[in-house]
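Engineer: Structure file coords.txt (compact mmCIF, C-alpha atoms and all ligand atoms) right here:
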# COMPACT_ATOMS: atom_id res chain seq x y z
CA MET A 1 -22.59 3.23 7.77
CA SER A 2 -19.41 4.15 9.59
CA LYS A 3 -17.05 6.54 7.86
CA LYS A 4 -14.63 4.48 5.78
CA LEU A 5 -12.16 7.14 4.62
CA ALA A 6 -8.90 7.02 6.60
CA PHE A 7 -6.06 9.56 6.62
CA GLY A 8 -2.79 7.84 5.74
CA LEU A 9 0.07 9.96 7.10
CA MET A 10 2.75 8.76 4.68
CA ARG A 11 2.74 11.50 2.03
CA LEU A 12 2.30 14.62 4.13
CA PRO A 13 2.79 18.20 2.86
CA LEU A 14 6.42 19.35 3.13
CA LEU A 15 8.04 22.74 3.65
CA ASP A 16 11.12 21.62 1.71
CA PRO A 17 10.41 19.01 -1.00
CA ALA A 18 14.00 17.74 -0.68
CA ASP A 19 13.61 17.04 3.06
CA THR A 20 11.06 14.34 3.86
CA THR A 21 11.07 15.25 7.55
CA SER A 22 10.12 18.92 6.97
CA ILE A 23 6.38 18.40 7.44
CA ASP A 24 4.26 21.51 6.99
CA HIS A 25 2.36 21.47 10.28
CA GLU A 26 0.24 24.48 9.47
CA THR A 27 -1.18 22.88 6.31
CA LEU A 28 -1.53 19.57 8.11
CA ASN A 29 -3.47 21.24 10.94
CA GLY A 30 -5.95 22.56 8.38
CA MET A 31 -6.32 19.10 6.81
CA VAL A 32 -6.80 17.44 10.19
CA ASP A 33 -9.45 20.02 11.16
CA ARG A 34 -11.42 19.43 7.95
CA PHE A 35 -11.14 15.64 8.26
CA LEU A 36 -12.39 15.54 11.85
CA ALA A 37 -15.06 18.18 11.24
CA GLU A 38 -16.60 15.89 8.62
CA GLY A 39 -16.87 13.03 11.11
CA PHE A 40 -13.89 10.98 9.92
CA THR A 41 -11.63 9.75 12.70
CA TYR A 42 -9.08 7.18 11.50
CA PHE A 43 -5.35 8.06 11.16
CA ASP A 44 -2.65 5.62 10.05
CA THR A 45 1.07 6.10 10.51
CA ALA A 46 4.32 4.18 11.06
CA ALA A 47 7.85 5.00 12.17
CA PRO A 48 9.42 4.79 8.69
CA TYR A 49 6.96 7.34 7.24
CA HIS A 50 8.84 10.60 6.78
CA ARG A 51 11.65 9.03 8.84
CA LYS A 52 9.71 9.15 12.13
CA ALA A 53 8.47 12.71 11.47
CA SER A 54 4.98 11.42 10.54
CA GLU A 55 4.43 10.02 14.04
CA ALA A 56 5.75 13.24 15.58
CA ALA A 57 3.49 15.32 13.33
CA PHE A 58 0.53 13.23 14.47
CA ARG A 59 1.38 14.19 18.07
CA GLU A 60 1.63 17.91 17.25
CA CYS A 61 -1.28 18.22 14.84
CA VAL A 62 -3.76 15.69 16.29
CA ALA A 63 -2.91 14.34 19.76
CA LYS A 64 -2.06 17.74 21.26
CA ARG A 65 -5.00 19.51 19.62
CA TYR A 66 -7.89 17.10 20.11
CA PRO A 67 -9.31 15.05 22.99
CA ARG A 68 -8.39 11.35 22.90
CA ASP A 69 -11.91 10.22 21.98
CA ALA A 70 -11.98 12.44 18.86
CA TYR A 71 -9.67 10.24 16.80
CA THR A 72 -8.52 6.69 16.12
CA ILE A 73 -4.78 6.09 15.71
CA THR A 74 -2.99 3.16 14.13
CA SER A 75 0.75 2.63 14.03
CA LYS A 76 2.97 -0.32 13.23
CA LEU A 77 5.73 -2.50 14.58
CA SER A 78 8.34 -2.07 11.85
CA MET A 79 10.89 -4.83 12.30
CA PHE A 80 12.90 -4.26 9.12
CA SER A 81 16.21 -3.50 10.84
CA MET A 82 15.63 -5.52 14.03
CA LYS A 83 17.76 -8.53 14.82
CA GLU A 84 17.07 -9.38 18.48
CA PRO A 85 13.84 -9.73 20.53
CA GLU A 86 15.18 -7.11 22.97
CA GLU A 87 14.82 -4.44 20.28
CA VAL A 88 11.01 -4.69 20.15
CA ALA A 89 10.01 -3.12 23.49
CA PRO A 90 12.22 0.03 23.22
CA PHE A 91 10.93 0.56 19.67
CA PHE A 92 7.34 0.51 20.96
CA ASP A 93 8.06 2.77 23.96
CA GLU A 94 9.78 5.38 21.79
CA GLN A 95 6.93 5.23 19.34
CA MET A 96 4.30 5.89 22.02
CA GLU A 97 6.28 8.88 23.18
CA ARG A 98 6.57 10.19 19.63
CA LEU A 99 2.84 9.76 19.06
CA GLY A 100 1.90 11.40 22.35
CA VAL A 101 -0.76 8.86 23.31
CA ASP A 102 -1.11 6.31 26.12
CA CYS A 103 -3.00 3.80 24.04
CA LEU A 104 -3.10 2.87 20.37
CA ASP A 105 -6.42 1.90 18.80
CA TYR A 106 -4.74 -0.46 16.33
CA TYR A 107 -1.18 -1.76 16.21
CA LEU A 108 -0.08 -3.70 13.16
CA LEU A 109 2.95 -5.90 12.58
CA HIS A 110 4.36 -4.03 9.60
CA ALA A 111 4.53 -5.45 6.07
CA LEU A 112 4.40 -9.17 6.76
CA ASP A 113 5.28 -11.56 3.99
CA LYS A 114 6.49 -15.12 4.41
CA ASP A 115 9.98 -14.13 5.56
CA GLU A 116 8.93 -11.13 7.65
CA CYS A 117 6.36 -13.30 9.45
CA ALA A 118 9.04 -15.87 10.32
CA LYS A 119 11.16 -13.01 11.61
CA ALA A 120 8.24 -11.60 13.66
CA GLU A 121 7.81 -15.04 15.25
CA ARG A 122 11.52 -15.25 16.01
CA LEU A 123 11.48 -11.77 17.59
CA GLY A 124 8.45 -12.70 19.70
CA ALA A 125 6.44 -9.89 18.07
CA PHE A 126 3.10 -11.75 18.09
CA ASP A 127 3.40 -12.37 21.84
CA PHE A 128 4.62 -8.83 22.43
CA VAL A 129 1.57 -7.15 20.87
CA LEU A 130 -0.76 -9.47 22.80
CA GLN A 131 1.01 -8.56 26.02
CA LYS A 132 0.61 -4.83 25.24
CA LYS A 133 -3.04 -5.44 24.48
CA ALA A 134 -3.46 -7.11 27.87
CA GLU A 135 -1.76 -4.09 29.48
CA GLY A 136 -4.26 -1.78 27.78
CA LYS A 137 -1.64 -0.08 25.56
CA ILE A 138 -3.18 -1.44 22.35
CA ARG A 139 -6.88 -1.97 21.66
CA HIS A 140 -6.66 -4.12 18.53
CA VAL A 141 -3.82 -6.11 16.96
CA GLY A 142 -3.26 -7.04 13.35
CA PHE A 143 -0.75 -6.88 10.52
CA SER A 144 -0.21 -5.28 7.17
CA PHE A 145 0.48 -7.74 4.42
CA HIS A 146 2.45 -7.97 1.15
CA ASP A 147 2.46 -11.49 -0.19
CA THR A 148 0.21 -14.04 -1.89
CA ALA A 149 -3.11 -15.37 -0.59
CA ASP A 150 -1.73 -18.80 0.34
CA VAL A 151 0.84 -17.15 2.63
CA LEU A 152 -1.94 -15.04 4.17
CA ASP A 153 -4.06 -18.13 4.73
CA ASP A 154 -1.15 -19.79 6.50
CA ILE A 155 -0.49 -16.78 8.77
CA LEU A 156 -4.15 -16.40 9.73
CA THR A 157 -4.42 -20.12 10.42
CA ARG A 158 -1.41 -20.04 12.72
CA HIS A 159 -2.27 -16.67 14.30
CA PRO A 160 -6.03 -16.50 14.84
CA GLU A 161 -5.38 -13.92 17.58
CA MET A 162 -4.74 -11.30 14.87
CA GLU A 163 -7.91 -9.21 14.57
CA TYR A 164 -7.36 -7.08 11.44
CA VAL A 165 -5.44 -7.32 8.18
CA GLN A 166 -4.26 -4.35 6.14
CA LEU A 167 -4.16 -5.25 2.46
CA GLN A 168 -3.11 -3.68 -0.82
CA LEU A 169 -6.46 -3.57 -2.54
CA ASN A 170 -7.26 -1.75 -5.77
CA TYR A 171 -9.16 -2.46 -8.96
CA ILE A 172 -6.05 -2.97 -11.07
CA ASP A 173 -4.52 -5.56 -8.72
CA TRP A 174 -7.88 -7.20 -7.97
CA ASP A 175 -7.14 -10.25 -10.14
CA SER A 176 -3.37 -9.84 -10.55
CA ASP A 177 -1.04 -12.80 -10.04
CA ASN A 178 1.42 -10.96 -7.83
CA VAL A 179 -0.66 -8.69 -5.53
CA GLN A 180 -3.78 -10.92 -5.60
CA SER A 181 -6.10 -8.33 -4.01
CA ARG A 182 -9.26 -10.37 -4.51
CA LYS A 183 -7.80 -13.67 -3.28
CA CYS A 184 -6.26 -11.98 -0.24
CA TYR A 185 -9.55 -10.20 0.51
CA GLU A 186 -11.47 -13.47 0.23
CA THR A 187 -8.95 -15.14 2.54
CA CYS A 188 -9.66 -12.47 5.17
CA VAL A 189 -13.41 -13.03 4.73
CA LYS A 190 -12.89 -16.77 5.16
CA HIS A 191 -11.05 -16.18 8.45
CA GLY A 192 -13.56 -13.56 9.60
CA LYS A 193 -10.99 -10.73 9.67
CA PRO A 194 -12.05 -7.17 8.79
CA VAL A 195 -9.84 -5.51 6.17
CA LEU A 196 -8.05 -2.17 6.25
CA VAL A 197 -7.09 -1.06 2.74
CA MET A 198 -3.79 0.50 1.72
CA GLU A 199 -2.81 1.66 -1.77
CA PRO A 200 -6.40 1.93 -3.08
CA VAL A 201 -5.08 4.36 -5.74
CA LYS A 202 -1.95 2.27 -6.35
CA GLY A 203 0.51 4.90 -5.13
CA GLY A 204 -1.35 7.64 -7.03
CA ARG A 205 -1.36 5.85 -10.38
CA LEU A 206 -5.14 5.39 -10.46
CA ALA A 207 -5.56 9.10 -9.84
CA ASN A 208 -4.46 9.71 -13.42
CA VAL A 209 -5.75 6.96 -15.70
CA PRO A 210 -5.39 6.79 -19.51
CA GLU A 211 -7.74 9.04 -21.51
CA GLU A 212 -10.08 6.29 -22.73
CA ALA A 213 -10.64 5.01 -19.20
CA GLU A 214 -11.13 8.55 -17.95
CA ALA A 215 -13.72 9.20 -20.66
CA LEU A 216 -15.77 6.22 -19.44
CA MET A 217 -15.64 7.53 -15.88
CA ARG A 218 -16.60 11.07 -16.89
CA GLN A 219 -19.51 9.78 -18.93
CA ALA A 220 -20.84 7.81 -15.95
CA ALA A 221 -20.30 10.61 -13.40
CA PRO A 222 -19.06 13.94 -14.83
CA GLY A 223 -18.06 15.49 -11.52
CA LEU A 224 -16.04 12.64 -10.04
CA SER A 225 -12.23 12.41 -10.08
CA ASP A 226 -10.25 9.36 -11.30
CA ALA A 227 -9.12 8.72 -7.71
CA SER A 228 -12.72 8.64 -6.47
CA TRP A 229 -13.44 5.52 -8.52
CA ALA A 230 -10.48 3.71 -6.99
CA ILE A 231 -11.29 4.69 -3.42
CA ARG A 232 -15.00 3.92 -3.81
CA PHE A 233 -14.14 0.54 -5.38
CA ALA A 234 -12.10 -0.41 -2.30
CA ALA A 235 -14.67 0.98 0.14
CA SER A 236 -17.45 -0.94 -1.65
CA GLN A 237 -16.09 -4.29 -0.49
CA GLU A 238 -18.33 -5.26 2.38
CA ASN A 239 -15.61 -6.56 4.71
CA VAL A 240 -13.49 -3.40 4.31
CA VAL A 241 -13.72 -1.17 7.37
CA HIS A 242 -11.34 1.63 6.37
CA VAL A 243 -9.65 2.79 3.19
CA LEU A 244 -6.43 4.72 3.60
CA SER A 245 -5.73 7.67 1.40
CA GLY A 246 -2.25 9.20 1.70
CA MET A 247 -3.42 12.78 1.28
CA SER A 248 -0.82 15.49 0.64
CA THR A 249 -2.96 18.57 0.02
CA LEU A 250 -6.17 20.14 1.24
CA GLU A 251 -7.52 19.84 -2.33
CA GLN A 252 -7.06 16.05 -2.30
CA MET A 253 -8.77 15.94 1.06
CA GLU A 254 -11.72 18.02 -0.15
CA ASP A 255 -12.06 15.73 -3.17
CA ASN A 256 -12.04 12.62 -0.98
CA ILE A 257 -14.48 14.14 1.50
CA SER A 258 -16.88 15.11 -1.29
CA TYR A 259 -17.68 11.50 -2.20
CA MET A 260 -16.84 9.71 1.07
CA ARG A 261 -18.86 12.00 3.36
CA ASP A 262 -22.05 10.21 2.42
CA PHE A 263 -20.61 7.05 0.93
CA HIS A 264 -22.67 4.53 -0.99
CA PRO A 265 -21.14 1.36 -2.45
CA LEU A 266 -20.70 1.27 -6.23
CA THR A 267 -23.80 0.24 -8.14
CA GLU A 268 -23.62 -2.66 -10.59
CA ALA A 269 -23.41 -0.16 -13.49
CA GLU A 270 -20.53 1.65 -11.74
CA ARG A 271 -18.73 -1.63 -11.07
CA ASP A 272 -18.96 -2.24 -14.79
CA VAL A 273 -17.28 1.11 -15.48
CA VAL A 274 -14.44 0.11 -13.15
CA ARG A 275 -14.09 -3.30 -14.81
CA LYS A 276 -13.88 -1.69 -18.26
CA ALA A 277 -11.43 0.98 -17.03
CA ALA A 278 -9.24 -1.78 -15.58
CA GLU A 279 -9.30 -3.62 -18.91
CA ILE A 280 -8.25 -0.44 -20.74
CA ILE A 281 -5.41 0.22 -18.30
CA GLN A 282 -4.28 -3.43 -18.50
CA SER A 283 -4.36 -3.30 -22.31
CA LYS A 284 -1.81 -0.48 -22.19
CA ALA A 285 0.66 -2.82 -20.53
CA TYR A 286 3.36 -3.37 -23.08
CA ILE A 287 4.77 -6.68 -21.82
CA SER A 288 2.37 -9.52 -20.95
CA CYS A 289 4.60 -10.87 -18.16
CA THR A 290 2.62 -12.58 -15.40
CA GLY A 291 5.38 -12.21 -12.78
CA CYS A 292 5.71 -16.00 -12.36
CA LYS A 293 9.53 -15.71 -11.97
CA TYR A 294 10.31 -18.97 -13.79
CA CYS A 295 12.92 -17.05 -15.76
CA VAL A 296 14.79 -15.66 -12.78
CA ASP A 297 16.67 -18.47 -11.03
CA GLY A 298 18.95 -19.50 -13.89
CA CYS A 299 19.93 -16.02 -15.03
CA PRO A 300 23.74 -15.81 -14.81
CA GLN A 301 23.53 -12.00 -14.64
CA LYS A 302 21.06 -11.87 -11.72
CA ILE A 303 18.67 -9.72 -13.74
CA ALA A 304 15.35 -9.06 -11.97
CA ILE A 305 13.43 -9.64 -15.20
CA PRO A 306 9.76 -9.50 -14.04
CA THR A 307 10.42 -6.52 -11.78
CA TYR A 308 11.94 -4.52 -14.62
CA PHE A 309 9.06 -5.54 -16.88
CA LYS A 310 6.61 -4.31 -14.27
CA LEU A 311 8.35 -0.92 -14.22
CA VAL A 312 8.25 -0.74 -18.03
CA ASN A 313 4.55 -1.62 -17.97
CA GLU A 314 3.78 1.05 -15.44
CA TYR A 315 5.51 3.56 -17.69
CA SER A 316 3.51 2.39 -20.73
CA GLN A 317 0.25 2.50 -18.73
CA TYR A 318 0.62 5.77 -16.84
CA GLY A 319 3.26 7.68 -18.82
CA GLU A 320 5.76 10.34 -17.75
CA PRO A 321 4.33 10.99 -14.24
CA VAL A 322 5.58 7.58 -13.04
CA LEU A 323 8.92 7.52 -14.88
CA GLY A 324 10.95 9.22 -12.14
CA ARG A 325 9.73 6.78 -9.54
CA ALA A 326 10.34 3.81 -11.87
CA LYS A 327 13.92 4.96 -12.45
CA ASP A 328 14.50 5.44 -8.72
CA ARG A 329 13.30 1.89 -8.04
CA TYR A 330 15.45 0.55 -10.87
CA ASN A 331 18.54 2.34 -9.54
CA GLN A 332 17.85 0.95 -6.08
CA LEU A 333 17.51 -2.61 -7.43
CA THR A 334 20.62 -2.42 -9.57
CA GLY A 335 22.59 -0.51 -6.94
CA LYS A 336 22.02 -1.30 -3.27
CA GLU A 337 20.12 -4.52 -3.91
CA GLY A 338 22.79 -5.91 -6.25
CA MET A 339 20.61 -7.02 -9.17
CA GLY A 340 22.04 -7.10 -12.69
CA LYS A 341 21.12 -4.30 -15.07
CA ALA A 342 18.87 -4.92 -18.05
CA SER A 343 21.77 -3.87 -20.29
CA GLU A 344 24.00 -6.58 -18.75
CA CYS A 345 21.99 -9.39 -20.38
CA VAL A 346 24.39 -11.69 -22.28
CA LYS A 347 21.56 -13.21 -24.36
CA CYS A 348 22.20 -16.78 -23.22
CA GLY A 349 18.49 -17.52 -23.77
CA GLN A 350 17.96 -19.41 -20.50
CA CYS A 351 15.08 -17.15 -19.47
CA GLU A 352 13.24 -17.45 -22.76
CA SER A 353 13.37 -21.25 -22.64
CA HIS A 354 11.65 -21.16 -19.22
CA CYS A 355 9.02 -18.51 -19.93
CA PRO A 356 5.52 -20.07 -20.06
CA GLN A 357 4.30 -16.96 -21.93
CA HIS A 358 7.01 -17.43 -24.61
CA LEU A 359 8.03 -13.79 -24.27
CA PRO A 360 11.00 -12.41 -26.20
CA VAL A 361 12.67 -11.53 -22.90
CA THR A 362 15.99 -10.34 -24.31
CA ARG A 363 14.29 -7.92 -26.72
CA TYR A 364 12.14 -6.52 -23.92
CA LEU A 365 15.23 -6.12 -21.75
CA GLU A 366 16.71 -3.88 -24.43
CA ASP A 367 13.57 -1.73 -24.16
CA ALA A 368 13.83 -1.75 -20.37
CA ALA A 369 17.44 -0.57 -20.57
CA ARG A 370 16.48 2.21 -22.95
CA ILE A 371 13.64 3.42 -20.70
CA LEU A 372 15.11 2.89 -17.24
CA GLU A 373 18.86 3.44 -17.57
S1 LIG B 401 19.27 -14.09 -21.76
FE1 LIG B 401 19.85 -12.40 -20.43
S2 LIG B 401 18.21 -12.21 -18.99
FE2 LIG B 401 17.97 -14.19 -19.95
S3 LIG B 401 19.00 -15.59 -18.57
FE3 LIG B 401 20.50 -14.97 -20.10
S4 LIG B 401 21.53 -13.20 -19.22
FE4 LIG B 401 19.68 -13.55 -18.03
S1 LIG B 402 9.00 -16.45 -17.04
FE1 LIG B 402 8.09 -15.02 -18.51
S2 LIG B 402 6.08 -14.51 -17.63
FE2 LIG B 402 7.29 -15.47 -15.99
S3 LIG B 402 8.25 -13.74 -14.94
FE3 LIG B 402 9.70 -14.41 -16.50
S4 LIG B 402 9.25 -13.13 -18.27
FE4 LIG B 402 7.52 -12.96 -16.90
Mind turning this structure into structure tokens?
Ligand code: SF4
Ligand code: SF4

Structural biologist:
Amino acid sequence: MSKKLAFGLMRLPLLDPADTTSIDHETLNGMVDRFLAEGFTYFDTAAPYHRKASEAAFRECVAKRYPRDAYTITSKLSMFSMKEPEEVAPFFDEQMERLGVDCLDYYLLHALDKDECAKAERLGAFDFVLQKKAEGKIRHVGFSFHDTADVLDDILTRHPEMEYVQLQLNYIDWDSDNVQSRKCYETCVKHGKPVLVMEPVKGGRLANVPEEAEALMRQAAPGLSDASWAIRFAASQENVVHVLSGMSTLEQMEDNISYMRDFHPLTEAERDVVRKAAEIIQSKAYISCTGCKYCVDGCPQKIAIPTYFKLVNEYSQYGEPVLGRAKDRYNQLTGKEGMGKASECVKCGQCESHCPQHLPVTRYLEDAARILE
């Protein structure tokens, strides 16, 4: 079986924690050496990671230090700030220079959802990557994806030329209504597209699961970390070719290597452990909001109700370690993105009358304000 563990270069070790571009090349060199020595080859980066410094670090720590056939490199066409088709080619050229390679193994249209796909079409991005493939600058084309399975089905139907899909896939989102890992995975299988997995540990949250879930895992396999269950769950899906882990330390890398060096898919008994752990983690969710958004449109205060509930749930499931990140996201939503604050609810009741789960939305918003503001 080919080696499924992939090195995601989005959370690299830093010299100065306050400066995301200050990548610690010496530590990274050590991690790269260990990774390649164990027979793993796949690296994943993108321009926005570490504000372009991730791609540059790849050049210094991998491309300049190893022959081209020793590694596989993936980067992405990030169109977030692009407005005109003319912006695509210079972006790609600069990126190749930053990466220090003549050819990319995989190039993905970055973070497609319904709107971003329409934009990619308008910018001519699908044609552009095919042209670069024909020129020998890209070996395989695909896209990373953040939307529901029906949108994915539509994109793959209209763009059968796309060879790979990068999905958010983890055991907590497997059957969720918003991420829909399982449905998206099955859509890729239906279209015959191999899957690259991102966020197998859900941004680190499944590396530190509640005690009861951890106890189940320890009982089944005393030596294995929480994160190992999440990564092995993703890698166990037959159509998954690589699972990205955004490793920040040599210790994380050694842990990943220890169980991915000689990887075997989860047994039925182990799958059962994961299912039970997922149930325990889900049961810690405080608000049983499904994310359907029926409450959102009529809110006179523009309060992003399900998003705030999701942040509150993450806090109730994973505790203090995720609170800082939840607050940052909340401040971004209520600041730059112009959403109303939870505390600005005027209790008009419109949301509650539309909620199919009959949730006491206004009471939960008071909790959200207390936790997040
Ligand atoms: S009760 Fe609050 S959250 Fe609900 S619609 Fe009215 S203002 Fe918005
Ligand atoms: S309508 Fe209810 S379940 Fe749906 S997103 Fe709003 S609060 Fe959540």

Engineer: Between CA of Arg363 (chain A) and CA of Glu320 (chain A), what is the distance in Å, rounded to a tenth?

Structural biologist: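 Those two atoms sit 22.1 Å apart.
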
Engineer: Tell me, counting all atoms listed in the file, for each residue of chain A within 10 Å of ligand LIG 401 (chain B), which pair of atoms is nearest and how far apart they are in Å to one decimal, in rows ordered by chain and increasing number, as JSON lines.

Structural biologist:
{"residue": "A:Cys295", "atom": "CA", "partner": "B:LIG401", "partner_atom": "S3", "distance": 6.9}
{"residue": "A:Val296", "atom": "CA", "partner": "B:LIG401", "partner_atom": "S3", "distance": 7.2}
{"residue": "A:Asp297", "atom": "CA", "partner": "B:LIG401", "partner_atom": "S3", "distance": 8.4}
{"residue": "A:Gly298", "atom": "CA", "partner": "B:LIG401", "partner_atom": "S3", "distance": 6.1}
{"residue": "A:Cys299", "atom": "CA", "partner": "B:LIG401", "partner_atom": "S3", "distance": 3.7}
{"residue": "A:Pro300", "atom": "CA", "partner": "B:LIG401", "partner_atom": "S4", "distance": 5.6}
{"residue": "A:Gln301", "atom": "CA", "partner": "B:LIG401", "partner_atom": "S4", "distance": 5.1}
{"residue": "A:Lys302", "atom": "CA", "partner": "B:LIG401", "partner_atom": "FE4", "distance": 6.7}
{"residue": "A:Ile303", "atom": "CA", "partner": "B:LIG401", "partner_atom": "S2", "distance": 5.8}
{"residue": "A:Ala304", "atom": "CA", "partner": "B:LIG401", "partner_atom": "S2", "distance": 8.2}
{"residue": "A:Ile305", "atom": "CA", "partner": "B:LIG401", "partner_atom": "S2", "distance": 6.6}
{"residue": "A:Gly340", "atom": "CA", "partner": "B:LIG401", "partner_atom": "FE4", "distance": 8.7}
{"residue": "A:Lys341", "atom": "CA", "partner": "B:LIG401", "partner_atom": "S2", "distance": 9.3}
{"residue": "A:Ala342", "atom": "CA", "partner": "B:LIG401", "partner_atom": "S2", "distance": 7.4}
{"residue": "A:Ser343", "atom": "CA", "partner": "B:LIG401", "partner_atom": "FE1", "distance": 8.7}
{"residue": "A:Glu344", "atom": "CA", "partner": "B:LIG401", "partner_atom": "S4", "distance": 7.1}
{"residue": "A:Cys345", "atom": "CA", "partner": "B:LIG401", "partner_atom": "FE1", "distance": 3.7}
{"residue": "A:Val346", "atom": "CA", "partner": "B:LIG401", "partner_atom": "S4", "distance": 4.5}
{"residue": "A:Lys347", "atom": "CA", "partner": "B:LIG401", "partner_atom": "S1", "distance": 3.6}
{"residue": "A:Cys348", "atom": "CA", "partner": "B:LIG401", "partner_atom": "FE3", "distance": 4.0}
{"residue": "A:Gly349", "atom": "CA", "partner": "B:LIG401", "partner_atom": "S1", "distance": 4.1}
{"residue": "A:Gln350", "atom": "CA", "partner": "B:LIG401", "partner_atom": "S3", "distance": 4.4}
{"residue": "A:Cys351", "atom": "CA", "partner": "B:LIG401", "partner_atom": "FE2", "distance": 4.2}
{"residue": "A:Glu352", "atom": "CA", "partner": "B:LIG401", "partner_atom": "FE2", "distance": 6.4}
{"residue": "A:Ser353", "atom": "CA", "partner": "B:LIG401", "partner_atom": "FE2", "distance": 8.8}
{"residue": "A:His354", "atom": "CA", "partner": "B:LIG401", "partner_atom": "S3", "distance": 9.2}
{"residue": "A:Cys355", "atom": "CA", "partner": "B:LIG401", "partner_atom": "FE2", "distance": 9.9}
{"residue": "A:Pro360", "atom": "CA", "partner": "B:LIG401", "partner_atom": "FE2", "distance": 9.5}
{"residue": "A:Val361", "atom": "CA", "partner": "B:LIG401", "partner_atom": "FE2", "distance": 6.6}
{"residue": "A:Thr362", "atom": "CA", "partner": "B:LIG401", "partner_atom": "S1", "distance": 5.6}
{"residue": "A:Arg363", "atom": "CA", "partner": "B:LIG401", "partner_atom": "S1", "distance": 9.4}
{"residue": "A:Tyr364", "atom": "CA", "partner": "B:LIG401", "partner_atom": "S2", "distance": 9.7}
{"residue": "A:Leu365", "atom": "CA", "partner": "B:LIG401", "partner_atom": "S2", "distance": 7.3}
{"residue": "A:Glu366", "atom": "CA", "partner": "B:LIG401", "partner_atom": "FE1", "distance": 9.9}

Engineer: If you take every atom of region 197-204 of chain A that the file lists and fit an axis-aligned box around them with 6 Å extra on each side, what centre and edge lengths come out in Å to one decimal, as lines of an AutoDock Vina configuration file?

Structural biologist:
center_x = -3.3
center_y = 3.3
center_z = -2.1
size_x = 19.6
size_y = 20.7
size_z = 21.8

Engineer: Would you mind telling me which residue in A:Ile155, A:Val141, A:Leu167, A:Ala285 lies nearest to Pro210 (chain A) when using all atoms listed in the file?

Structural biologist: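 Nearest to Pro210 (chain A): A:Ala285.
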
Engineer: Can you tell me which residues sit at most 6 Å away from ligand LIG 402 (chain B), counting only C-alpha atoms and all ligand atoms, written as a ChimeraX atom specification?

Structural biologist: /A:289-295,306,354-357,359,361

Engineer: Here's a test: counting all atoms listed in the file, identify every protein, DNA and RNA residue with an atom at most 9 Å from (-15.7, 11.5, 12.9) in the file's coordinate frame, and state them as a ChimeraX atom specification.

Structural biologist: /A:2-3,35-42,70-71

Engineer: From the options A:Val322, A:Val129, A:Ala269, A:Ala53, which residue's atoms come nearest to Ala207 (chain A), counting only C-alpha atoms?

Structural biologist: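 Selected residue with least distance to Ala207 (chain A): A:Val322.
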
Engineer: Which one is closest to Val274 (chain A): A:Ile73, A:Ala227, A:Ala120, A:Ala47? Count all atoms listed in the file.

Structural biologist: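 Looking only at the distances to Val274 (chain A), the closest residue turns out to be A:Ala227.
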